[in-house]
>>> print(open('upload.txt').read())   # compact mmCIF, C-alpha atoms
# COMPACT_ATOMS: atom_id res chain seq x y z
CA MET M 1 -9.71 36.62 -10.54
CA GLU M 2 -11.28 33.71 -8.62
CA GLN M 3 -8.83 31.29 -7.17
CA ASP M 4 -9.62 27.95 -5.67
CA GLU M 5 -6.10 26.67 -5.08
CA PRO M 6 -3.99 28.42 -2.49
CA ILE M 7 -1.19 30.66 -3.65
CA LYS M 8 2.17 28.95 -3.60
CA VAL M 9 5.45 30.83 -3.83
CA ASP M 10 9.14 30.25 -3.38
CA LYS M 11 9.32 30.95 0.33
CA TRP M 12 12.88 32.25 0.08
CA ASP M 13 12.05 34.81 -2.60
CA GLN M 14 11.11 37.82 -0.50
CA ASN M 15 9.59 39.67 -3.43
CA SER M 16 7.21 36.82 -4.28
CA VAL M 17 6.21 36.49 -0.64
CA ARG M 18 5.39 40.16 -0.31
CA ILE M 19 3.49 40.16 -3.60
CA ALA M 20 1.51 37.10 -2.54
CA LEU M 21 0.49 38.81 0.70
CA ASP M 22 -0.38 42.00 -1.21
CA ASP M 23 -2.58 40.02 -3.58
CA ALA M 24 -4.30 38.30 -0.66
CA ALA M 25 -4.94 41.58 1.16
CA LYS M 26 -6.36 42.96 -2.06
CA LYS M 27 -8.66 39.96 -2.35
CA VAL M 28 -9.95 40.49 1.19
CA LEU M 29 -10.75 44.15 0.70
CA LEU M 30 -12.31 43.73 -2.71
CA GLY M 31 -14.28 40.86 -1.22
CA LEU M 32 -16.03 43.46 0.96
CA GLY M 33 -17.59 44.80 -2.18
CA TYR M 34 -15.35 47.81 -2.69
CA GLU M 35 -14.58 49.03 -6.20
CA GLU M 36 -10.97 49.19 -7.27
CA ASN M 37 -9.72 52.57 -8.48
CA PHE M 38 -7.13 52.18 -11.22
CA ARG M 39 -6.19 55.82 -11.68
CA LEU M 40 -2.79 55.56 -9.98
CA ILE M 41 -1.83 52.51 -12.00
CA ASP M 42 -3.19 53.96 -15.23
CA LYS M 43 -1.04 57.07 -14.88
CA ARG M 44 2.05 54.90 -14.56
CA LEU M 45 1.02 52.84 -17.58
CA ALA M 46 0.48 56.04 -19.56
CA ILE M 47 3.95 57.39 -18.76
CA CYS M 48 5.55 54.08 -19.75
CA THR M 49 3.50 53.79 -22.94
CA LEU M 50 4.48 57.32 -23.94
CA ALA M 51 8.16 56.51 -23.40
CA VAL M 52 7.93 53.35 -25.50
CA VAL M 53 6.11 55.27 -28.25
CA ALA M 54 8.90 57.88 -28.28
CA ALA M 55 11.52 55.15 -28.66
CA GLY M 56 9.46 53.37 -31.31
CA PHE M 57 9.05 56.58 -33.26
CA ALA M 58 12.81 57.13 -33.28
CA LEU M 59 13.31 53.56 -34.50
CA ILE M 60 10.82 53.86 -37.34
CA TYR M 61 11.94 57.32 -38.41
CA ASP M 62 15.58 56.27 -38.47
CA TRP M 63 14.66 53.20 -40.50
CA LEU M 64 12.78 55.31 -43.06
CA TYR M 65 15.33 58.15 -43.24
CA PRO M 66 18.70 56.65 -42.26
CA PHE M 67 21.10 58.28 -39.91
CA PRO M 68 22.37 61.68 -40.80
CA ALA M 69 18.90 62.77 -41.91
CA SER M 70 17.22 61.50 -38.76
CA ARG M 71 19.65 63.21 -36.39
CA ASN M 72 17.27 65.84 -35.02
CA ILE M 73 14.40 63.43 -34.53
CA ILE M 74 16.70 61.03 -32.72
CA ILE M 75 17.94 63.77 -30.42
CA PHE M 76 14.34 64.75 -29.67
CA CYS M 77 13.28 61.17 -28.98
CA VAL M 78 16.29 60.29 -26.84
CA VAL M 79 15.81 63.42 -24.74
CA SER M 80 12.06 62.78 -24.42
CA TYR M 81 12.61 59.17 -23.47
CA THR M 82 15.20 60.07 -20.84
CA PHE M 83 12.91 62.78 -19.47
CA LEU M 84 9.96 60.37 -19.29
CA MET M 85 12.11 57.80 -17.50
CA GLY M 86 12.93 60.49 -14.96
CA VAL M 87 9.24 61.36 -14.60
CA LEU M 88 8.44 57.67 -14.17
CA THR M 89 11.03 57.27 -11.42
CA ILE M 90 9.76 60.31 -9.55
CA TYR M 91 6.17 59.17 -9.99
CA MET M 92 6.86 55.68 -8.73
CA ASN M 93 8.88 56.82 -5.74
CA TYR M 94 6.80 59.78 -4.58
CA CYS M 95 3.27 59.25 -5.87
CA GLU M 96 2.83 55.52 -6.08
CA LYS M 97 5.23 54.55 -3.29
CA SER M 98 4.29 51.09 -2.04
CA ILE M 99 0.56 51.42 -2.63
CA PHE M 100 -0.97 48.36 -4.23
CA LEU M 101 -4.67 49.00 -3.84
CA ILE M 102 -6.99 51.97 -3.91
CA ALA M 103 -10.61 50.97 -3.43
CA HIS M 104 -13.82 52.92 -3.12
CA GLU M 105 -16.47 52.04 -0.60
CA LYS M 106 -19.62 53.26 -2.20
CA ASP M 107 -22.50 54.49 -0.10
CA PRO M 108 -25.39 52.09 -0.71
CA ILE M 109 -27.88 54.94 -0.61
CA GLY M 110 -25.76 57.07 -2.89
CA THR M 111 -25.89 60.31 -0.93
CA GLU M 112 -22.60 60.22 0.94
CA PRO M 113 -19.26 60.65 -0.84
CA ASP M 114 -17.15 57.55 -1.43
CA VAL M 115 -14.84 56.38 1.29
CA VAL M 116 -11.43 55.72 -0.20
CA TRP M 117 -9.37 52.86 1.23
CA THR M 118 -5.68 52.65 0.40
CA LEU M 119 -3.45 49.68 1.08
CA SER M 120 0.32 49.72 0.98
CA SER M 121 2.93 47.36 2.32
CA SER M 122 6.58 47.07 3.06
CA MET M 123 9.16 44.51 4.01
CA LEU M 124 12.73 45.27 5.00
CA LYS M 125 15.34 43.36 3.08
CA TYR M 126 16.11 39.93 4.58
CA ASP M 127 13.54 40.63 7.28
CA GLN M 128 10.71 38.25 8.17
CA TYR M 129 8.20 40.98 9.00
CA TYR M 130 5.53 42.20 6.61
CA THR M 131 3.95 45.55 7.39
CA LEU M 132 0.50 46.26 5.97
CA ASN M 133 -0.67 49.88 6.07
CA ILE M 134 -4.25 50.87 5.61
CA GLU M 135 -5.60 54.34 5.09
CA ARG M 136 -9.21 55.46 5.15
CA SER M 137 -10.08 58.83 3.73
CA SER M 138 -13.36 60.49 3.05
CA ALA M 139 -14.53 63.98 2.26
CA ASN M 140 -15.26 66.01 5.39
CA GLU M 141 -13.41 63.58 7.64
CA HIS M 142 -9.90 63.23 8.95
CA VAL M 143 -7.75 60.65 7.25
CA ARG M 144 -7.42 57.55 9.42
CA LEU M 145 -4.32 55.40 9.33
CA SER M 146 -3.40 52.12 10.83
CA SER M 147 -0.96 49.32 10.25
CA VAL M 148 -0.11 45.83 11.34
CA ARG M 149 3.26 44.11 11.38
CA LYS M 150 3.44 40.36 11.31
CA SER M 151 6.02 37.73 10.61
CA VAL M 152 5.40 36.02 7.28
CA GLY M 153 5.92 32.74 9.09
CA GLU M 154 2.41 33.12 10.50
CA PHE M 155 0.86 32.81 7.07
CA PHE M 156 3.14 30.64 4.97
CA ASP M 157 3.87 26.99 5.59
CA GLU M 158 7.00 24.99 4.87
CA ASN M 159 6.07 24.50 1.22
CA GLY M 160 5.52 28.18 0.58
CA GLU M 161 1.75 27.90 0.55
CA LEU M 162 -0.17 30.90 1.75
CA HIS M 163 -2.84 30.07 4.31
CA PHE M 164 -5.49 32.56 3.35
CA ASP M 165 -7.62 31.66 6.38
CA ALA M 166 -4.82 32.78 8.65
CA PHE M 167 -4.23 36.02 6.79
CA GLN M 168 -7.79 37.10 6.14
CA PRO M 169 -8.73 37.85 9.76
CA VAL M 170 -5.62 40.00 10.15
CA VAL M 171 -6.65 42.16 7.22
CA LEU M 172 -10.30 42.27 8.26
CA ASN M 173 -9.31 43.27 11.76
CA LEU M 174 -7.10 46.05 10.50
CA HIS M 175 -9.95 47.24 8.33
CA LYS M 176 -12.36 47.10 11.26
CA THR M 177 -10.22 49.37 13.45
CA LEU M 178 -10.72 52.17 10.94
CA HIS M 179 -14.20 51.27 9.86
CA SER M 180 -15.79 51.72 13.29
CA ASP M 181 -18.17 54.48 12.68
CA LYS M 182 -21.25 55.83 14.41
CA LYS M 183 -23.53 55.00 11.53
CA SER M 184 -22.29 51.89 9.78
CA GLN M 185 -21.04 48.55 10.99
CA MET B 1 12.10 29.53 -10.19
CA LEU B 2 9.90 26.45 -10.61
CA SER B 3 7.45 26.42 -13.48
CA MET B 4 4.59 26.01 -11.00
CA ASP B 5 5.33 29.33 -9.31
CA VAL B 6 5.77 31.10 -12.60
CA PHE B 7 2.38 30.21 -14.05
CA GLY B 8 0.73 30.77 -10.69
CA GLU B 9 1.97 34.34 -10.65
CA LEU B 10 0.90 34.84 -14.25
CA ARG B 11 -2.62 33.63 -13.62
CA ARG B 12 -2.95 35.99 -10.68
CA MET B 13 -2.21 39.03 -12.84
CA ASN B 14 -5.02 41.17 -14.13
CA LYS B 15 -5.04 42.84 -17.57
CA ARG B 16 -3.21 45.94 -16.38
CA GLN B 17 -0.45 43.90 -14.77
CA VAL B 18 0.01 41.80 -17.91
CA TYR B 19 0.18 44.98 -19.98
CA PHE B 20 2.77 46.35 -17.56
CA GLN B 21 4.89 43.21 -17.95
CA PHE B 22 4.97 43.78 -21.71
CA LEU B 23 5.70 47.47 -21.16
CA ASN B 24 8.56 46.51 -18.86
CA PHE B 25 10.04 44.35 -21.60
CA ALA B 26 9.48 47.11 -24.16
CA MET B 27 11.17 49.66 -21.88
CA ILE B 28 14.27 47.53 -21.54
CA VAL B 29 14.50 47.18 -25.31
CA ALA B 30 13.75 50.88 -25.71
CA SER B 31 16.48 51.85 -23.23
CA ALA B 32 19.07 49.84 -25.16
CA LEU B 33 17.81 51.34 -28.41
CA MET B 34 17.92 54.89 -27.07
CA MET B 35 21.46 54.41 -25.81
CA TRP B 36 22.56 53.12 -29.22
CA LYS B 37 20.83 55.92 -31.14
CA GLY B 38 22.16 58.43 -28.62
CA MET B 39 25.69 57.17 -29.27
CA MET B 40 25.08 57.49 -33.00
CA VAL B 41 24.25 61.16 -32.57
CA VAL B 42 27.12 61.89 -30.17
CA THR B 43 29.78 60.19 -32.28
CA GLY B 44 28.32 61.16 -35.63
CA SER B 45 28.77 57.60 -36.85
CA GLU B 46 25.98 55.31 -38.05
CA SER B 47 27.72 52.44 -36.27
CA PRO B 48 29.56 53.76 -33.22
CA ILE B 49 30.74 50.33 -32.07
CA VAL B 50 32.08 47.66 -34.42
CA VAL B 51 33.67 44.27 -33.94
CA VAL B 52 36.88 43.35 -35.74
CA LEU B 53 36.00 40.29 -37.78
CA SER B 54 39.29 39.28 -39.35
CA GLY B 55 42.97 39.18 -38.51
CA SER B 56 43.91 41.60 -41.28
CA MET B 57 44.96 44.32 -38.84
CA GLU B 58 47.16 42.26 -36.54
CA PRO B 59 49.05 43.06 -34.37
CA ALA B 60 47.09 46.30 -33.85
CA PHE B 61 43.66 44.67 -33.68
CA TYR B 62 42.75 41.04 -33.33
CA ARG B 63 39.58 39.24 -34.30
CA GLY B 64 37.02 39.84 -31.58
CA ASP B 65 38.17 43.30 -30.51
CA LEU B 66 35.50 45.92 -29.97
CA LEU B 67 36.21 49.32 -31.56
CA PHE B 68 34.73 52.71 -30.62
CA LEU B 69 34.35 55.04 -33.56
CA THR B 70 33.71 58.71 -34.16
CA ASN B 71 32.83 60.23 -37.49
CA TYR B 72 33.19 63.98 -37.10
CA GLN B 73 33.21 65.72 -40.45
CA GLN B 74 35.73 68.31 -39.22
CA ASP B 75 38.38 65.67 -38.49
CA LYS B 76 40.66 65.35 -41.44
CA ILE B 77 41.50 61.76 -42.26
CA GLU B 78 45.23 61.42 -42.85
CA ALA B 79 47.48 58.71 -44.13
CA GLY B 80 48.38 56.25 -41.41
CA GLU B 81 45.03 56.45 -39.64
CA ILE B 82 42.76 53.49 -39.12
CA VAL B 83 39.33 53.94 -40.63
CA VAL B 84 36.22 51.79 -40.79
CA PHE B 85 34.48 51.93 -44.14
CA LYS B 86 31.81 50.13 -46.12
CA ILE B 87 31.85 49.04 -49.73
CA ASP B 88 28.67 49.68 -51.73
CA GLY B 89 26.60 46.55 -51.83
CA ARG B 90 28.29 44.96 -48.82
CA ASP B 91 26.94 45.24 -45.27
CA ILE B 92 30.08 44.37 -43.42
CA PRO B 93 32.36 47.26 -42.46
CA ILE B 94 36.09 46.87 -43.02
CA VAL B 95 38.68 48.09 -40.53
CA HIS B 96 41.93 49.00 -42.32
CA ARG B 97 44.62 51.68 -42.45
CA VAL B 98 44.74 54.57 -44.93
CA ILE B 99 47.99 54.33 -46.87
CA LYS B 100 47.46 56.88 -49.66
CA LEU B 101 45.39 60.00 -49.88
CA HIS B 102 44.39 62.39 -52.69
CA GLU B 103 42.78 65.74 -51.97
CA ASN B 104 41.14 68.35 -54.23
CA GLU B 105 41.15 72.10 -53.63
CA ASP B 106 37.50 71.91 -52.68
CA GLY B 107 38.36 69.47 -49.93
CA LYS B 108 37.13 66.29 -51.62
CA VAL B 109 39.32 63.37 -50.61
CA LYS B 110 39.82 59.82 -51.73
CA PHE B 111 41.93 57.18 -50.04
CA LEU B 112 43.53 53.85 -50.57
CA THR B 113 43.41 51.41 -47.69
CA LYS B 114 45.30 48.29 -46.71
CA GLY B 115 45.16 45.89 -43.81
CA ASP B 116 48.41 45.85 -41.82
CA ASN B 117 48.51 42.08 -41.96
CA ASN B 118 47.65 41.82 -45.67
CA GLU B 119 50.17 41.49 -48.48
CA VAL B 120 48.34 43.79 -50.90
CA ASP B 121 46.17 46.89 -50.74
CA ASP B 122 42.37 46.70 -50.65
CA ARG B 123 41.69 47.35 -54.34
CA GLY B 124 40.77 43.68 -54.59
CA LEU B 125 38.06 44.24 -52.01
CA TYR B 126 36.53 47.33 -53.53
CA LYS B 127 33.56 47.24 -55.93
CA PRO B 128 34.54 46.35 -59.52
CA GLY B 129 35.74 49.57 -61.10
CA GLN B 130 36.26 51.29 -57.75
CA LEU B 131 39.84 52.31 -57.05
CA TRP B 132 39.46 54.62 -54.07
CA VAL B 133 37.42 54.95 -50.90
CA GLU B 134 35.59 58.23 -50.47
CA ARG B 135 34.57 60.18 -47.37
CA ASN B 136 30.94 59.10 -47.61
CA HIS B 137 31.94 55.43 -47.44
CA VAL B 138 33.65 55.98 -44.13
CA VAL B 139 31.69 54.88 -41.09
CA GLY B 140 34.20 56.33 -38.64
CA ARG B 141 37.71 56.39 -37.26
CA ALA B 142 38.82 54.10 -34.48
CA ARG B 143 39.23 56.06 -31.24
CA GLY B 144 39.48 53.35 -28.64
CA PHE B 145 39.10 49.64 -28.26
CA VAL B 146 38.32 46.84 -25.81
CA PRO B 147 39.92 43.48 -26.54
CA TYR B 148 38.12 40.10 -26.67
CA ILE B 149 34.58 41.33 -25.82
CA GLY B 150 33.52 41.24 -29.47
CA MET B 151 33.98 37.46 -29.51
CA ILE B 152 30.46 37.18 -28.06
CA THR B 153 29.04 38.95 -31.12
CA ILE B 154 31.06 36.77 -33.46
CA LEU B 155 29.84 33.67 -31.62
CA MET B 156 26.23 34.78 -31.82
CA ASN B 157 26.55 35.44 -35.52
CA ASP B 158 28.20 32.12 -36.26
CA TYR B 159 25.68 30.23 -34.17
CA PRO B 160 22.40 32.12 -34.43
CA GLN B 161 20.67 29.52 -32.27
CA VAL B 162 22.76 30.75 -29.33
CA LYS B 163 21.61 34.31 -29.97
CA TYR B 164 17.93 33.38 -30.18
CA ALA B 165 18.19 31.09 -27.16
CA ILE B 166 19.77 33.78 -24.96
CA LEU B 167 17.43 36.53 -26.13
CA GLY B 168 14.44 34.23 -25.83
CA LEU B 169 15.30 33.26 -22.27
CA LEU B 170 15.93 36.87 -21.24
CA GLY B 171 12.65 37.92 -22.82
CA VAL B 172 10.67 35.23 -21.07
CA PHE B 173 12.32 36.03 -17.75
CA VAL B 174 11.46 39.72 -18.00
CA LEU B 175 7.89 39.05 -19.09
CA ILE B 176 7.22 36.67 -16.23
CA HIS B 177 9.04 38.22 -13.31
CA ARG B 178 6.92 40.69 -11.37
CA GLU B 179 8.61 43.87 -10.15
>>> encode(input="upload.txt", output="structure tokens")
Amino acid sequence: MEQDEPIKVDKWDQNSVRIALDDAAKKVLLGLGYEENFRLIDKRLAICTLAVVAAGFALIYDWLYPFPASRNIIIFCVVSYTFLMGVLTIYMNYCEKSIFLIAHEKDPIGTEPDVVWTLSSSMLKYDQYYTLNIERSSANEHVRLSSVRKSVGEFFDENGELHFDAFQPVVLNLHKTLHSDKKSQ
Amino acid sequence: MLSMDVFGELRRMNKRQVYFQFLNFAMIVASALMMWKGMMVVTGSESPIVVVLSGSMEPAFYRGDLLFLTNYQQDKIEAGEIVVFKIDGRDIPIVHRVIKLHENEDGKVKFLTKGDNNEVDDRGLYKPGQLWVERNHVVGRARGFVPYIGMITILMNDYPQVKYAILGLLGVFVLIHRE
């Protein structure tokens, strides 16, 4: 996902702005050599795929055995689909929340357990401030949390271009506050 | 939504995100589909919503009205009621009134229909040799209606390019827009 040109977004579209900053923060952390963990995303994709399969099955079955015959299958599929949509909503709101990256810092020697870094972000509607939350968790240690809140005006110029060089140190700094450790640097 | 931004966002997406965009699109289609099939089950009709295509039922229904149908087997269809039925070999359902009804002891019925605004009964519309409409031809009975809305469907059928253009644009928008 190498990118030479800077990211450019519609500066008035808050969603695009937040996503651009999320992508940049992701790039910084993955640039430290951490491995991305896709489990959270994969679970969401699985729920959605299952729902689409249920709907597709109803469609095909009804096409092969037109309406009155397909009644029970349709009822089953509609109920399953609705249930899965409910599961998806709960999953996205309580499990995934606003997390956009889970990355593993592997121990170079291979003896220590992985350190798991989690990034999430938020922006209030119509607000100029972007809040980046970072979480560091490891087996046998307390979970460490930190966050930084900055105005998006510090990173985007008039044309909507993201100045990565201005954003990168903010992310690295945030990372450093949790990374300070007796052993590693 | 400039084209530059759009392709920029697309290029930044990894495989999983692209897959999710397609899933998003599929879920929207699936939701519409599930609602339609759900209505089919609840109303008992294979086509719970129909559009009035001709003026043969004026002044009750005008071209472009949307009709909500139910097709419960327990409901007895009586003379004077408006039914929607299909003729064998024709796709398009017809919305007319039942004017005559014959019933056997075993409950088998056959009816004759006529559009309020037509001069003659529907025998001219039936299949050659068919004189009556039977229960299994009936798609449902009109239970409620919304005026004018069906004109959009009529427009999209008369000008299929409009339909494809609208659906195409919506599809592209959903596929490209993140979150």
>>> interface_residues(input="upload.txt", of="chain B", to="chain M", cutoff="12 Å", atoms="only C-alpha atoms", output="NGL selection string")
:B and (1-48 or 71-73 or 136 or 139 or 176-179)
>>> atom_distance(input="upload.txt", atom1="atom CA of Glu141 of chain M", atom2="atom CA of Tyr91 of chain M")
26.7 Å
>>> residues_around(input="upload.txt", residues="Ile92 of chain B", least_positions_apart="5", cutoff="12 Å", atoms="all atoms listed in the file", output="MDAnalysis selection string")
chainID B and resid 47 50:54 84:87 125 137 139
>>> write_last_selection(input="upload.txt", atoms="C-alpha atoms", output="mmCIF file, keeping the file's coordinate frame")
data_model
loop_
_atom_site.group_PDB
_atom_site.id
_atom_site.type_symbol
_atom_site.label_atom_id
_atom_site.label_comp_id
_atom_site.auth_asym_id
_atom_site.auth_seq_id
_atom_site.Cartn_x
_atom_site.Cartn_y
_atom_site.Cartn_z
ATOM 1 C CA SER B 47 27.720 52.440 -36.270
ATOM 2 C CA VAL B 50 32.080 47.660 -34.420
ATOM 3 C CA VAL B 51 33.670 44.270 -33.940
ATOM 4 C CA VAL B 52 36.880 43.350 -35.740
ATOM 5 C CA LEU B 53 36.000 40.290 -37.780
ATOM 6 C CA SER B 54 39.290 39.280 -39.350
ATOM 7 C CA VAL B 84 36.220 51.790 -40.790
ATOM 8 C CA PHE B 85 34.480 51.930 -44.140
ATOM 9 C CA LYS B 86 31.810 50.130 -46.120
ATOM 10 C CA ILE B 87 31.850 49.040 -49.730
ATOM 11 C CA LEU B 125 38.060 44.240 -52.010
ATOM 12 C CA HIS B 137 31.940 55.430 -47.440
ATOM 13 C CA VAL B 139 31.690 54.880 -41.090
#
>>> atom_distance(input="upload.txt", atom1="atom CA of His96 of chain B", atom2="atom CA of Ile154 of chain B")
18.6 Å
>>> residues_around(input="upload.txt", residues="segment 116-118 of chain B", least_positions_apart="6", cutoff="12 Å", atoms="all atoms listed in the file", output="list in words")
Ser54, Gly55, Ser56, Met57, Glu58, Pro59, Ala60, Phe61, Tyr62, Gly80, Glu81, Ile82, Val95, His96, Arg97, Val98, Ile99, Gly124 and Leu125 of chain B
>>> residues_around(input="upload.txt", residues="Lys11 of chain M", least_positions_apart="3", cutoff="10 Å", atoms="only C-alpha atoms", output="PyMOL selection string")
chain M and resi 8+14-17+152-153+156-162
>>> atom_distance(input="upload.txt", atom1="atom CA of Leu119 of chain M", atom2="atom CA of Asn133 of chain M")
5.7 Å
>>> build_atoms(input="upload.txt", residues="segment 141-153 of chain M", atoms="N, CA and C atoms", output="JSON list (two decimals), in the coordinates of the input")
[["chain", "number", "residue", "atom", "x", "y", "z"],
["M", 141, "GLU", "N", -13.91, 64.28, 6.46],
["M", 141, "GLU", "CA", -13.41, 63.58, 7.64],
["M", 141, "GLU", "C", -11.89, 63.57, 7.64],
["M", 142, "HIS", "N", -11.36, 63.37, 8.85],
["M", 142, "HIS", "CA", -9.90, 63.23, 8.95],
["M", 142, "HIS", "C", -9.49, 61.91, 8.31],
["M", 143, "VAL", "N", -8.29, 61.90, 7.78],
["M", 143, "VAL", "CA", -7.75, 60.65, 7.25],
["M", 143, "VAL", "C", -7.38, 59.74, 8.42],
["M", 144, "ARG", "N", -7.77, 58.50, 8.35],
["M", 144, "ARG", "CA", -7.42, 57.55, 9.42],
["M", 144, "ARG", "C", -6.40, 56.55, 8.90],
["M", 145, "LEU", "N", -5.38, 56.33, 9.74],
["M", 145, "LEU", "CA", -4.32, 55.40, 9.33],
["M", 145, "LEU", "C", -4.14, 54.32, 10.38],
["M", 146, "SER", "N", -3.75, 53.17, 9.89],
["M", 146, "SER", "CA", -3.40, 52.12, 10.83],
["M", 146, "SER", "C", -2.48, 51.14, 10.12],
["M", 147, "SER", "N", -1.79, 50.34, 10.90],
["M", 147, "SER", "CA", -0.96, 49.32, 10.25],
["M", 147, "SER", "C", -0.75, 48.14, 11.17],
["M", 148, "VAL", "N", -0.36, 47.04, 10.57],
["M", 148, "VAL", "CA", -0.11, 45.83, 11.34],
["M", 148, "VAL", "C", 1.20, 45.22, 10.83],
["M", 149, "ARG", "N", 1.96, 44.67, 11.76],
["M", 149, "ARG", "CA", 3.26, 44.11, 11.38],
["M", 149, "ARG", "C", 3.34, 42.67, 11.88],
["M", 150, "LYS", "N", 3.44, 41.77, 10.93],
["M", 150, "LYS", "CA", 3.44, 40.36, 11.31],
["M", 150, "LYS", "C", 4.58, 39.62, 10.62],
["M", 151, "SER", "N", 5.00, 38.56, 11.24],
["M", 151, "SER", "CA", 6.02, 37.73, 10.61],
["M", 151, "SER", "C", 5.36, 36.90, 9.52],
["M", 152, "VAL", "N", 6.02, 36.77, 8.38],
["M", 152, "VAL", "CA", 5.40, 36.02, 7.28],
["M", 152, "VAL", "C", 5.26, 34.54, 7.64],
["M", 153, "GLY", "N", 6.02, 34.12, 8.65],
["M", 153, "GLY", "CA", 5.92, 32.74, 9.09],
["M", 153, "GLY", "C", 4.55, 32.39, 9.61]]
